[in-house]
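Have a look at coords18.txt; it's compact mmCIF, C-alpha atoms:
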# COMPACT_ATOMS: atom_id res chain seq x y z
CA MET A 43 102.87 -70.66 28.53
CA GLY A 44 103.57 -73.64 30.70
CA GLY A 45 100.93 -76.09 29.54
CA VAL A 46 98.99 -77.53 26.61
CA LEU A 47 95.32 -77.45 25.65
CA ARG A 48 94.18 -80.74 24.12
CA VAL A 49 90.82 -80.90 22.32
CA HIS A 50 89.82 -84.54 21.92
CA PHE A 51 87.63 -85.43 18.90
CA SER A 52 85.59 -88.55 18.20
CA ASP A 53 84.19 -89.48 14.78
CA ARG A 54 80.81 -88.00 15.73
CA ASP A 55 82.36 -84.65 16.70
CA PHE A 56 83.47 -83.88 13.16
CA ARG A 57 79.80 -83.64 12.13
CA HIS A 58 79.21 -80.96 14.76
CA VAL A 59 82.12 -78.56 14.24
CA ARG A 60 80.62 -75.06 13.97
CA LEU A 61 82.75 -72.17 12.76
CA ALA A 62 81.38 -68.80 13.91
CA ARG A 63 80.93 -66.48 10.97
CA SER A 64 81.08 -63.24 12.94
CA ALA A 65 82.93 -61.85 15.93
CA ASP A 66 81.55 -62.53 19.41
CA PRO A 67 80.94 -59.20 21.21
CA VAL A 68 81.55 -60.47 24.74
CA TRP A 69 84.68 -62.44 23.95
CA GLU A 70 86.04 -59.45 22.02
CA ALA A 71 85.39 -57.19 25.01
CA PHE A 72 87.40 -59.37 27.39
CA LEU A 73 90.16 -60.06 24.89
CA GLY A 74 90.33 -56.35 24.08
CA LEU A 75 90.78 -55.78 27.81
CA HIS A 76 93.73 -58.19 27.68
CA VAL A 77 95.26 -56.26 24.77
CA LEU A 78 95.16 -53.11 26.90
CA THR A 79 97.33 -54.73 29.55
CA THR A 80 99.84 -56.18 27.08
CA SER A 81 102.88 -54.22 25.95
CA LEU A 82 102.98 -53.09 22.32
CA ALA A 83 106.13 -55.14 21.77
CA ARG A 84 104.20 -58.35 22.46
CA LEU A 85 101.21 -57.51 20.24
CA PRO A 86 100.82 -58.16 16.51
CA ARG A 87 101.11 -54.95 14.52
CA ARG A 88 97.45 -55.03 13.49
CA LEU A 89 96.48 -54.36 17.13
CA HIS A 90 98.82 -51.40 17.70
CA PRO A 91 96.49 -48.68 16.30
CA TRP A 92 93.52 -49.91 18.35
CA ARG A 93 95.55 -50.09 21.54
CA ARG A 94 96.83 -46.53 21.10
CA ARG A 95 93.30 -45.22 20.54
CA ALA A 96 91.94 -47.22 23.49
CA VAL A 97 94.60 -45.88 25.86
CA GLN A 98 93.54 -42.33 24.93
CA ARG A 99 89.86 -43.14 25.59
CA LEU A 100 90.74 -44.58 29.01
CA ARG A 101 91.18 -41.07 30.36
CA ASP A 102 87.45 -41.27 31.14
CA ASP A 103 86.95 -42.10 34.85
CA ASP A 104 83.87 -44.30 34.34
CA LEU A 105 85.63 -46.30 31.64
CA ARG A 106 88.71 -46.80 33.82
CA ALA A 107 86.48 -48.02 36.66
CA ALA A 108 84.71 -50.51 34.37
CA SER A 109 88.07 -51.75 33.09
CA ARG A 110 89.43 -52.26 36.62
CA LEU A 111 86.35 -54.23 37.68
CA LEU A 112 86.56 -56.54 34.65
CA ARG A 113 90.34 -56.91 35.03
CA ASP A 114 89.79 -58.09 38.62
CA LEU A 115 87.63 -60.93 37.29
CA ALA A 116 89.50 -61.74 34.07
CA PRO A 117 93.12 -60.55 34.04
CA ALA A 118 95.20 -61.16 30.92
CA ASP A 119 97.59 -63.53 32.66
CA ALA A 120 94.89 -65.66 34.32
CA ALA A 121 95.10 -69.41 33.85
CA TYR A 122 91.32 -69.41 34.34
CA PHE A 123 88.57 -66.83 34.49
CA PRO A 124 84.91 -67.59 35.24
CA ASP A 125 82.88 -69.03 32.38
CA PHE A 126 79.75 -67.13 33.43
CA LEU A 127 81.38 -63.97 32.03
CA THR A 128 81.20 -65.34 28.46
CA PRO A 129 77.81 -67.08 28.13
CA ALA A 130 77.01 -69.13 25.04
CA GLU A 131 74.16 -66.71 24.32
CA SER A 132 76.74 -64.15 23.20
CA ALA A 133 76.52 -65.88 19.81
CA GLU A 134 73.11 -64.16 19.55
CA GLY A 135 74.50 -60.71 20.39
CA MET A 136 75.36 -58.52 23.34
CA ALA A 137 71.79 -58.07 24.62
CA ALA A 138 71.21 -61.84 24.90
CA ALA A 139 74.60 -62.34 26.53
CA LEU A 140 74.05 -59.68 29.19
CA GLN A 141 70.57 -60.96 29.97
CA THR A 142 72.07 -64.40 30.64
CA LEU A 143 74.98 -62.95 32.62
CA ARG A 144 72.62 -60.98 34.89
CA ALA A 145 70.61 -64.15 35.53
CA THR A 146 73.60 -66.32 36.50
CA PRO A 147 72.51 -68.58 39.39
CA GLY A 148 74.16 -67.90 42.74
CA ALA A 149 75.49 -71.46 43.00
CA ARG A 150 77.32 -71.04 39.71
CA LEU A 151 78.80 -67.69 40.76
CA ALA A 152 80.15 -69.27 43.94
CA ARG A 153 81.50 -72.36 42.16
CA GLU A 154 83.33 -70.50 39.39
CA LEU A 155 84.78 -67.80 41.62
CA ARG A 156 85.99 -70.54 43.95
CA GLU A 157 87.70 -72.14 40.95
CA ALA A 158 89.29 -68.81 39.98
CA ALA A 159 90.61 -68.44 43.54
CA ARG A 160 92.59 -71.67 43.06
CA TYR A 161 94.83 -69.87 40.58
CA ARG A 162 95.16 -66.37 42.05
CA THR A 163 94.12 -64.20 44.99
CA LEU A 164 90.81 -62.51 44.18
CA PRO A 165 89.91 -58.99 45.35
CA GLY A 166 87.80 -58.85 48.50
CA TRP A 167 84.72 -57.49 46.70
CA THR A 168 84.33 -60.76 44.77
CA ARG A 169 83.19 -62.45 48.01
CA ARG A 170 79.98 -60.42 47.76
CA LEU A 171 79.58 -61.53 44.15
CA ALA A 172 80.17 -65.17 45.13
CA SER A 173 77.45 -64.85 47.77
CA GLY A 174 74.96 -63.91 45.05
CA ASP A 175 74.87 -60.10 45.29
CA ARG A 176 72.60 -59.29 42.30
CA ALA A 177 73.34 -55.55 42.33
CA LEU A 178 77.04 -56.32 42.04
CA LEU A 179 76.38 -58.79 39.23
CA ASP A 180 74.47 -56.03 37.42
CA GLN A 181 77.54 -53.80 37.83
CA VAL A 182 79.66 -56.46 36.14
CA ALA A 183 77.21 -56.70 33.24
CA ASP A 184 77.08 -52.89 32.97
CA ALA A 185 80.89 -52.79 32.90
CA VAL A 186 81.00 -55.29 30.02
CA LEU A 187 78.50 -53.18 28.07
CA HIS A 188 80.30 -49.90 28.86
CA PHE A 189 83.70 -51.30 27.87
CA HIS A 190 82.36 -52.74 24.63
CA THR A 191 80.41 -49.61 23.71
CA ARG A 192 83.28 -47.20 24.33
CA LEU A 193 86.31 -49.21 23.25
CA ILE A 194 85.25 -52.07 20.97
CA ALA A 195 82.19 -50.84 19.08
CA PRO A 196 83.92 -47.80 17.46
CA ASP A 197 86.20 -50.24 15.59
CA TRP A 198 83.61 -52.99 15.08
CA SER A 199 83.62 -52.73 11.27
CA GLU A 200 87.34 -53.57 11.22
CA VAL A 201 86.81 -56.40 13.71
CA GLU A 202 84.00 -57.87 11.64
CA ALA A 203 85.85 -57.47 8.33
CA THR A 204 88.95 -59.21 9.69
CA VAL A 205 86.90 -62.05 11.20
CA ALA A 206 84.85 -62.40 7.99
CA ALA A 207 88.06 -62.69 5.97
CA ASP A 208 89.32 -65.39 8.32
CA TRP A 209 85.99 -67.24 8.07
CA GLU A 210 86.15 -67.23 4.27
CA ARG A 211 89.69 -68.61 4.34
CA ARG A 212 88.60 -71.43 6.67
CA MET A 213 85.59 -72.23 4.49
CA GLU A 214 87.90 -72.61 1.50
CA THR A 215 89.89 -75.24 3.39
CA LEU A 216 86.68 -77.11 4.31
CA GLU A 217 86.59 -78.42 0.73
CA GLY A 218 89.18 -80.90 2.04
CA GLY A 219 86.97 -81.84 5.00
CA PRO A 220 86.92 -80.72 8.66
CA VAL A 221 90.35 -82.19 9.42
CA ALA A 222 91.89 -80.04 6.66
CA MET A 223 90.28 -76.96 8.19
CA LEU A 224 91.39 -77.88 11.73
CA GLY A 225 94.94 -78.18 10.45
CA THR A 226 94.92 -74.46 9.55
CA LEU A 227 94.03 -73.21 13.06
CA ALA A 228 97.30 -71.67 14.23
CA PRO A 229 98.63 -71.91 16.90
CA PHE A 230 96.95 -75.34 17.04
CA THR A 231 98.57 -78.54 15.83
CA TRP A 232 96.42 -81.42 14.57
CA ARG A 233 97.49 -84.97 15.43
CA ASP A 234 94.53 -87.23 14.81
CA PRO A 235 92.28 -87.19 16.82
CA VAL A 236 93.57 -84.38 19.07
CA LEU A 237 93.94 -80.65 18.46
CA THR A 238 96.67 -79.16 20.67
CA ALA A 239 97.94 -75.64 21.38
CA PRO A 240 100.11 -73.86 23.97
CA TYR A 241 98.05 -72.91 27.03
CA PRO A 242 98.68 -71.38 30.47
CA VAL A 243 97.96 -74.75 32.13
CA ASN A 244 97.52 -78.36 31.02
CA ALA A 245 93.86 -78.80 30.05
CA ASP A 246 91.81 -81.42 28.22
CA LEU A 247 88.56 -80.61 26.44
CA ARG A 248 86.75 -83.85 25.62
CA LEU A 249 84.00 -83.23 23.10
CA VAL A 250 82.33 -86.67 23.48
CA GLY A 251 80.09 -86.22 20.46
CA ARG A 252 78.97 -82.64 21.20
CA GLY A 253 81.21 -81.06 18.58
CA VAL A 254 82.71 -77.62 19.19
CA ARG A 255 81.97 -74.00 18.35
CA LEU A 256 85.11 -72.36 16.97
CA VAL A 257 85.12 -68.58 17.39
CA PRO A 258 87.66 -66.46 15.47
CA SER A 259 88.75 -63.41 17.45
CA PHE A 260 90.28 -60.12 16.34
CA PHE A 261 91.74 -59.38 19.79
CA CYS A 262 92.95 -62.87 20.69
CA HIS A 263 96.65 -62.73 19.91
CA THR A 264 98.52 -65.46 21.79
CA ALA A 265 96.97 -68.70 23.02
CA PRO A 266 93.43 -69.79 22.21
CA ILE A 267 90.86 -69.85 25.03
CA ALA A 268 88.44 -72.67 25.79
CA ILE A 269 85.39 -72.85 28.03
CA ALA A 270 86.64 -74.69 31.10
CA ASP A 271 83.46 -76.27 32.52
CA PRO A 272 83.06 -79.70 30.84
CA SER A 273 79.28 -79.54 31.36
CA LEU A 274 78.93 -76.42 29.16
CA PRO A 275 78.73 -76.45 25.34
CA PRO A 276 82.34 -76.66 24.08
CA VAL A 277 83.69 -73.34 22.78
CA VAL A 278 87.22 -72.56 21.59
CA VAL A 279 88.22 -68.98 20.74
CA TYR A 280 91.26 -68.68 18.48
CA PRO A 281 93.25 -65.76 16.97
CA VAL A 282 92.48 -64.77 13.40
CA ARG A 283 95.28 -65.16 10.90
CA GLY A 284 97.40 -62.13 10.11
CA GLU A 285 96.51 -59.73 7.34
CA PRO A 286 97.36 -60.83 3.80
CA ARG A 287 100.94 -60.12 2.87
CA GLU A 288 101.52 -57.14 0.64
CA PRO A 289 102.24 -58.39 -2.88
CA GLY A 290 105.94 -58.42 -3.72
CA THR A 291 107.21 -56.23 -6.54
CA ARG A 292 107.04 -58.95 -9.21
CA HIS A 293 103.59 -60.07 -8.09
CA ALA A 294 102.35 -56.46 -7.93
CA ASP A 295 103.64 -55.87 -11.47
CA ALA A 296 101.85 -58.99 -12.67
CA LEU A 297 98.59 -57.83 -11.01
CA ALA A 298 98.93 -54.42 -12.64
CA THR A 299 99.41 -56.09 -16.04
CA LEU A 300 96.35 -58.28 -15.47
CA LEU A 301 93.98 -55.72 -13.92
CA GLY A 302 95.45 -52.34 -14.78
CA THR A 303 97.49 -50.28 -12.31
CA GLY A 304 94.58 -48.40 -10.73
CA ARG A 305 92.40 -51.46 -10.30
CA ALA A 306 95.30 -53.46 -8.81
CA ARG A 307 95.96 -50.65 -6.30
CA VAL A 308 92.28 -50.58 -5.24
CA LEU A 309 92.21 -54.36 -4.80
CA SER A 310 95.42 -54.33 -2.74
CA ALA A 311 94.04 -51.53 -0.51
CA LEU A 312 91.13 -53.65 0.76
CA THR A 313 93.05 -55.31 3.61
CA VAL A 314 89.96 -54.63 5.78
CA LYS A 315 86.46 -53.31 5.08
CA PHE A 316 86.51 -49.78 3.58
CA THR A 317 84.08 -47.28 2.08
CA THR A 318 84.68 -45.90 -1.40
CA GLY A 319 85.70 -42.56 0.10
CA SER A 320 88.21 -44.05 2.52
CA VAL A 321 89.87 -46.05 -0.29
CA ALA A 322 90.04 -42.88 -2.39
CA VAL A 323 91.67 -40.93 0.45
CA ARG A 324 94.09 -43.76 1.18
CA LEU A 325 95.22 -44.01 -2.45
CA GLY A 326 94.96 -40.33 -3.37
CA MET A 327 92.56 -41.13 -6.22
CA PRO A 328 89.24 -39.46 -7.17
CA ALA A 329 86.26 -41.19 -5.56
CA SER A 330 84.57 -41.54 -8.98
CA THR A 331 87.62 -43.41 -10.30
CA VAL A 332 87.72 -45.72 -7.27
CA SER A 333 83.98 -46.37 -7.65
CA GLY A 334 84.48 -47.43 -11.27
CA HIS A 335 87.33 -49.77 -10.36
CA LEU A 336 85.28 -51.28 -7.53
CA LYS A 337 82.39 -52.00 -9.91
CA VAL A 338 84.68 -53.93 -12.26
CA LEU A 339 86.28 -55.83 -9.35
CA ARG A 340 82.84 -56.61 -7.90
CA ASP A 341 81.54 -57.88 -11.24
CA ALA A 342 84.60 -60.14 -11.42
CA GLY A 343 83.82 -61.62 -8.00
CA LEU A 344 86.94 -60.15 -6.38
CA VAL A 345 85.19 -57.63 -4.10
CA HIS A 346 81.95 -57.81 -2.09
CA SER A 347 79.99 -54.60 -1.40
CA GLU A 348 77.19 -54.12 1.13
CA ARG A 349 75.34 -51.26 2.77
CA ASP A 350 76.30 -50.43 6.35
CA GLY A 351 74.06 -47.63 7.59
CA ALA A 352 74.55 -44.57 5.41
CA HIS A 353 77.59 -46.01 3.63
CA VAL A 354 78.43 -48.80 1.21
CA VAL A 355 81.45 -50.77 2.38
CA HIS A 356 83.68 -53.07 0.36
CA ARG A 357 85.86 -56.04 1.26
CA LEU A 358 87.82 -58.73 -0.55
CA THR A 359 86.15 -62.02 -1.38
CA GLY A 360 88.02 -65.28 -1.02
CA ARG A 361 88.81 -65.09 -4.76
CA GLY A 362 90.16 -61.55 -4.33
CA ARG A 363 92.45 -62.56 -1.45
CA HIS A 364 93.65 -65.56 -3.43
CA LEU A 365 94.58 -63.30 -6.34
CA LEU A 366 96.60 -61.03 -4.01
CA ARG A 367 98.45 -63.94 -2.47
CA PRO A 368 101.96 -64.29 -3.97
CA PRO A 369 102.57 -67.70 -5.61
Serialized structure, structure tokens:
Amino acid sequence: MGGVLRVHFSDRDFRHVRLARSADPVWEAFLGLHVLTTSLARLPRRLHPWRRRAVQRLRDDDLRAASRLLRDLAPADAAYFPDFLTPAESAEGMAAALQTLRATPGARLARELREAARYRTLPGWTRRLASGDRALLDQVADAVLHFHTRLIAPDWSEVEATVAADWERRMETLEGGPVAMLGTLAPFTWRDPVLTAPYPVNADLRLVGRGVRLVPSFFCHTAPIAIADPSLPPVVVYPVRGEPREPGTRHADALATLLGTGRARVLSALTVKFTTGSVAVRLGMPASTVSGHLKVLRDAGLVHSERDGAHVVHRLTGRGRHLLRPP
């Protein structure tokens, strides 16, 4: 990291800070691609299991081809990759994002690929894309969908649960106002009125009253990423905070005294979203016993349960995470 990203706020911008509540499918696809090309030693431990599974799935020829095509456009070590790959419509889901990507105007393709070529040598095939080859643009969109479907979607419940937990933590800090929340966005540093973070190059994002959409990302693990084109709606993608620390022995004993040993174990197991059965298997407890503990924890506001297809899944609430946090 040789530079700094500076996000410049005005008084009006604080009224238009938007914190995404859920993971962005397109950003997660490209950042997942970056995880695949990063050594395990440089990744946070929470990403190790996904990377191992993804490497196994990459034995599929079509998936390897899609990964190579996307890596040509957006390598992990790029100081810049084209903004058209991550349209703002991705906030509405993958279908809306891909529709916008496929409709990218030729002039924009040429301009952004020309900008990317300032930082690295692009593969020869990108000249066809820059000239407006629609069939090739469709291949890019298909590759994004294929990569997401095969490598990201199978673990989407964990992605969403981790992002939801991060969102709830940020919302708790908003009680102190937007500046208090901005001060929690590691690896950013807040020095009024500028938010700064390490970045591959020196870059300034001037919000000029437009505010900013902050997107927490499961796969982002080093520097944040910002939309580069100043004419586009400002977006900053940042890494979610690490998983809650396991309670220390004294804190775990205190939880067991307060909640009962079984209930405390169930609460501590919900580091991500789990079904009743998966918690039971993880703890070696009967499913009926886990279900009873979850009901008590839910009634106390420590656990949130919701239906996800054929299953009911459970995750910690902000109150539950606070209770697990050592003093």
*State, in Å with one decimal place, the distance from CA of Leu224 (chain A) to CA of Ala65 (chain A).*
18.6 Å
*asked:* I'd like the neighbourhood of Thr226 (chain A) as a list of chain:residue names, where a residue qualifies if any of its atoms comes within 12 Å (using all atoms listed in the file), though same-chain residues fewer than 5 positions away should be ignored.
replied: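 Returned residues: A:Asp208, A:Trp209, A:Arg211, A:Arg212, A:Met213, A:Glu214, A:Thr215, A:Leu216, A:Gly218, A:Gly219, A:Pro220, A:Val221, A:Thr231, A:Trp232, A:Leu237, A:Tyr280, A:Pro281, A:Val282, A:Arg283.
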*From A:His90, A:Arg307, A:Pro129, A:Gly253, residue lying nearest Ala183 (chain A) [all atoms listed in the file]*: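 With all atoms listed in the file as the atom set, the closest residue is A:Pro129.
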*Of the listed residues A:Leu187, A:Val355, A:Leu336, A:Leu78, that which approaches Ser320 (chain A) most closely, counting all atoms listed in the file*: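 Closest to Ser320 (chain A) of all the choices is A:Val355.
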*How far is it from CA of Thr359 (chain A) to CA of Ala311 (chain A), in Å with one decimal?*
13.2 Å
*In the coordinate frame of the file, compute which residues have an atom within 12 Å of (87.4, -94.5, 17.0) when using only C-alpha atoms, and state them as an MDAnalysis selection string.*
chainID A and resid 50:56 234:235 250:251
*Mind checking which residues fall within 8 Å of region 104-116 of chain A, counting all atoms listed in the file, ignoring those fewer than 2 positions away in the same chain, and posting them as a list in words?*
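Returned residues: Phe72, Leu75, Leu100, Arg101, Asp102, Ala118, Ala120, Tyr122, Phe123, Pro124, Leu164, Pro165, Val182, Ala185, Val186, His188, Phe189 and Arg192 of chain A.
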How would the residues just chosen look if you wrote them out with C-alpha atoms as a CSV table (one decimal), in the frame of the given file?
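File selection.csv, as written:
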chain,number,residue,atom,x,y,z
A,72,PHE,CA,87.4,-59.4,27.4
A,75,LEU,CA,90.8,-55.8,27.8
A,100,LEU,CA,90.7,-44.6,29.0
A,101,ARG,CA,91.2,-41.1,30.4
A,102,ASP,CA,87.4,-41.3,31.1
A,118,ALA,CA,95.2,-61.2,30.9
A,120,ALA,CA,94.9,-65.7,34.3
A,122,TYR,CA,91.3,-69.4,34.3
A,123,PHE,CA,88.6,-66.8,34.5
A,124,PRO,CA,84.9,-67.6,35.2
A,164,LEU,CA,90.8,-62.5,44.2
A,165,PRO,CA,89.9,-59.0,45.4
A,182,VAL,CA,79.7,-56.5,36.1
A,185,ALA,CA,80.9,-52.8,32.9
A,186,VAL,CA,81.0,-55.3,30.0
A,188,HIS,CA,80.3,-49.9,28.9
A,189,PHE,CA,83.7,-51.3,27.9
A,192,ARG,CA,83.3,-47.2,24.3
*Counting all atoms listed in the file, what is within 7 Å of Leu61 (chain A), bar same-chain residues fewer than 3 positions away, as a PyMOL selection string?*
chain A and resi 255-257
*Have a look at CA of Val243 (chain A) and CA of Val46 (chain A) and let me know their distance in Å, one decimal.*
6.3 Å
